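Everything on this sheet refers to the single structure shown next.
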Amino acid sequence: MSKQKILIICYYWPPAGGPGVQRWLKFVKYLPYFGIEPIVYCPENPNYPIIDESLVDEIPNNVTVLKQPIKEPYGLANVLSKKSSKKISSGVIPKAKKQSLIEKLMLYVRGNYFIPDARKNWVNPSVDFLSNYISENEIKTIITTGPPHSLHLIGLQLKEKLNVNWMADFRDPWTTIGYHKELKLTKASKAKHSALEAQVLSLADKIIVTSNHTKNEFETKTKQPITVITNGYDSHSIRVEGKDKKFTLSHIGSLLSERNPEVLWKVLSELINENEAFAKAFQLNLIGVVSDDVEESIHQHGLEQFLNVVGYVSHEEAIKFQMKSQLLLLIEIDSEDTKAIIPGKIFEYLISETPILAMGPKDADVEQIITSTNTGTYFNYSQKKELKNQIISYFESYQKNSLEVNGIGLQKYHRKALTEQLVSLVR
């Protein structure tokens with residue numbers, strides 16, 4: 001009996017690095033276990049801000065990957081400023097007061113001339129190519145995943161043209177995502193974004209989101225069925241020799257300009273000044289892209305000599321850091337808009353056997369996950385005293401060699417279990 005075919009339309013695919021690529025890479029890995037044959041469609045020549053060649057090895061040998069050329073505006077942007085272009089394409093947007101004239105221009109052009117995003121010119125060529133492929137291969141179901149949300153416009157046109165079963169997967173919200181406020185959108189551009197979002201939400205047969213907050217938001221905008229399928233973790237055989245000798249607090253992933261927990265830097269500075277043992281043992285590891293604003297803030301609080309900026313590492317190396325560290329740091333912007341954001345790395349954090357110290361807005365989805373799995377502690381930005389006391393408690397456990405975590409209910413976040421949820425929607 002032949003397997004049911006589904007077409008997955010994505011922008012991020014190995015060798016792209018970062019969490020965005022891993023969601024569908026893992027779904028593709030496990031879909032055949034449930035009798036479904038995934039076919040992947042992605043760009044042939046994309047401009048990925050982060051490259052991780054190690055993820056190429058995780059692509060299943062027998063999966064069909066279709067590629068078509070894409071024209072992106074980053075070549076022109078690089079002419080203006082290669083450094084600024086790379087930063088902005090990585091999601092690192094400087095604070096408004098520190099933006100150069102070129103950066104302001106780039107953000108304005110990106111926000112108002114490339115709606116919904118810089119991959120908009122890939123939509124029509126993709127529809128032309130896929131229309132024939134879908135018909136010739138008798139594909140009944142397509143899935144688009146964004147951001148970039150322009151990929152949902154491919155699904156929208158294919159739905160209208162072929163009446164295929166279309167599922168739209170939102171890894172992040174659209175018009176309420178934090179960086180939209182930084183794009184210097186005109187009133188007309190905001191309206192166009194909202195209109196496109198409304199079209200996608202009303203015409204997709206099913207909508208998938210990664211958090212309950214996004215589901216609640218979209219339920220006010222559409223009557224179509226919405227399902228939460230979070231990101232997750234996958235089994236691995238990576239081992240480390242033991243925990244770090246130092247009291248390491250490690251953040252894995254991007255630290256954007258607005259993702260800057262000054263209250264934490266202040267607490268750490270106080271502990272270093274008040275506790276000699278803490279000062280001798282402490283080290284702050286930042287693994288990934290770090291904005292200049294965040295580094296400057298850390299230096300202003302006198303933490304420069306305790307700071308270890310590693311930069312981007314492969315997925316395997318990131319897991320090793322998670323397992324070796326004494327504490328893992330999870331930071332989200334203190335904003336109502338970010339309550340829906342669940343960083344993909346949290347699920348690997350959960351199985352790292354390392355306690356999580358998390359900060360973000362009150363009542364965020366991340367708080368519920370950490371609390372329900374007993375994998376760490378969560379604080380909002382006004383809880384300075386509580387945050388300080390918890391770090392002291394963690395440090396005292398570290399001194400006694402008893403700093404550990406006992407997670408519960410983690411199996412539901414395994415990639416195979418999450419794929420089973422997806423399969424129930426496809427059939």
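Ligands are numbered from 1 in the order shown, chains are lettered A, B, ... in the order of the structure tokens, and residues start at 1 in each chain.
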Running DSSP on the backbone, which parts of stretch 73-231 of chain A land in alpha helix (DSSP H), as a PyMOL selection string? chain A and resi 74-89+101-113+123-136+150-162+187-203+212-219
Please produce an output containing C-alpha atoms for each residue in the selection, written as a short mmCIF file (atom, residue, chain, number, x, y, z; two decimals), in the first residue's frame.
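Generated file (out07.cif):
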data_model
loop_
_atom_site.label_atom_id
_atom_site.label_comp_id
_atom_site.auth_asym_id
_atom_site.auth_seq_id
_atom_site.Cartn_x
_atom_site.Cartn_y
_atom_site.Cartn_z
CA TYR A 74 20.16 40.99 0.64
CA GLY A 75 22.72 41.45 -2.13
CA LEU A 76 21.68 45.10 -2.47
CA ALA A 77 21.54 45.46 1.31
CA ASN A 78 25.09 44.10 1.59
CA VAL A 79 26.29 46.81 -0.78
CA LEU A 80 24.95 49.43 1.64
CA SER A 81 26.30 47.73 4.75
CA LYS A 82 27.22 44.04 4.96
CA LYS A 83 27.46 44.13 8.76
CA SER A 84 24.07 45.81 9.25
CA SER A 85 22.44 43.54 6.68
CA LYS A 86 23.70 40.40 8.41
CA LYS A 87 22.60 41.66 11.83
CA ILE A 88 19.10 42.59 10.73
CA SER A 89 18.59 39.38 8.75
CA LEU A 101 20.91 56.17 9.02
CA ILE A 102 21.59 53.11 6.85
CA GLU A 103 20.00 50.79 9.43
CA LYS A 104 16.92 53.01 9.64
CA LEU A 105 16.66 53.00 5.87
CA MET A 106 17.05 49.21 5.71
CA LEU A 107 14.31 48.68 8.28
CA TYR A 108 11.95 51.09 6.52
CA VAL A 109 12.51 49.45 3.14
CA ARG A 110 12.23 45.94 4.61
CA GLY A 111 8.97 46.83 6.39
CA ASN A 112 7.18 48.78 3.68
CA TYR A 113 8.46 47.47 0.34
CA VAL A 123 5.72 33.29 -4.16
CA ASN A 124 4.63 33.41 -7.83
CA PRO A 125 7.48 31.26 -9.26
CA SER A 126 6.81 28.69 -6.52
CA VAL A 127 3.09 28.57 -7.30
CA ASP A 128 3.85 28.03 -10.99
CA PHE A 129 6.30 25.20 -10.29
CA LEU A 130 4.27 23.49 -7.56
CA SER A 131 0.97 23.61 -9.40
CA ASN A 132 2.29 21.16 -11.99
CA TYR A 133 4.13 19.03 -9.44
CA ILE A 134 1.09 18.68 -7.16
CA SER A 135 -1.17 17.67 -10.06
CA GLU A 136 1.31 15.22 -11.58
CA SER A 150 5.27 34.91 2.55
CA LEU A 151 5.31 31.11 2.33
CA HIS A 152 1.70 31.10 3.49
CA LEU A 153 0.89 33.15 0.39
CA ILE A 154 2.16 30.22 -1.68
CA GLY A 155 -0.32 28.02 0.16
CA LEU A 156 -3.06 30.60 -0.32
CA GLN A 157 -2.63 30.66 -4.10
CA LEU A 158 -2.32 26.88 -4.38
CA LYS A 159 -5.51 26.50 -2.36
CA GLU A 160 -7.38 28.87 -4.65
CA LYS A 161 -5.94 27.27 -7.80
CA LEU A 162 -6.06 23.54 -6.99
CA LYS A 187 -0.37 52.88 8.35
CA ALA A 188 -0.95 51.43 4.87
CA SER A 189 1.71 48.75 5.37
CA LYS A 190 0.22 47.71 8.72
CA ALA A 191 -3.17 47.38 7.05
CA LYS A 192 -1.71 45.25 4.26
CA HIS A 193 -0.06 42.89 6.75
CA SER A 194 -3.34 42.54 8.64
CA ALA A 195 -5.29 41.89 5.43
CA LEU A 196 -2.87 39.17 4.29
CA GLU A 197 -2.90 37.57 7.74
CA ALA A 198 -6.72 37.57 7.70
CA GLN A 199 -6.79 35.89 4.28
CA VAL A 200 -4.43 33.12 5.37
CA LEU A 201 -6.23 32.52 8.66
CA SER A 202 -9.66 32.37 7.02
CA LEU A 203 -8.79 30.26 3.96
CA ASN A 212 -1.61 28.58 23.59
CA HIS A 213 -1.29 32.37 23.51
CA THR A 214 -1.03 32.35 19.71
CA LYS A 215 -4.05 30.04 19.54
CA ASN A 216 -6.03 32.43 21.72
CA GLU A 217 -5.01 35.37 19.53
CA PHE A 218 -5.92 33.62 16.27
CA GLU A 219 -9.26 32.45 17.64
#
Polymer residues at most 7 Å from stretch 204-211 of chain A, only C-alpha atoms, same-chain spacing of 2 or more positions, as a list in words: Asn165, Trp166, Met167, Ala168, Asp169, Phe170, Arg171, Val200, Leu201, Ser202, His213, Thr214, Lys215, Gln224, Pro225, Ile226, Thr227, Val228, Ile229, Thr230, Asn231, Ala340, Ile342 and Asp365 of chain A
Closest contacts (stretch 162-241 of chain A/stretch 403-426 of chain A, max 7 Å, only C-alpha atoms) as a Markdown table:
| residue | atom | partner | partner_atom | distance |
| --- | --- | --- | --- | --- |
| A:Ile229 | CA | A:Leu418 | CA | 6.6 |
| A:Gly232 | CA | A:Tyr413 | CA | 4.8 |
| A:Tyr233 | CA | A:His414 | CA | 5.1 |
| A:Asp234 | CA | A:Arg415 | CA | 5.5 |
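Atom pair atom CA of A:His251 / atom CA of A:Glu296 has a distance of 16.6 Å (rounded to one decimal).
Atom CA of A:Ser372 to atom CA of A:Ser352 spans 16.3 Å [interatomic distance, one decimal].
Among the candidates A:Tyr12, A:Val366, A:Ser393, A:Lys320, the residue lying nearest to A:Ile351 is A:Lys320 (atoms considered: only C-alpha atoms).
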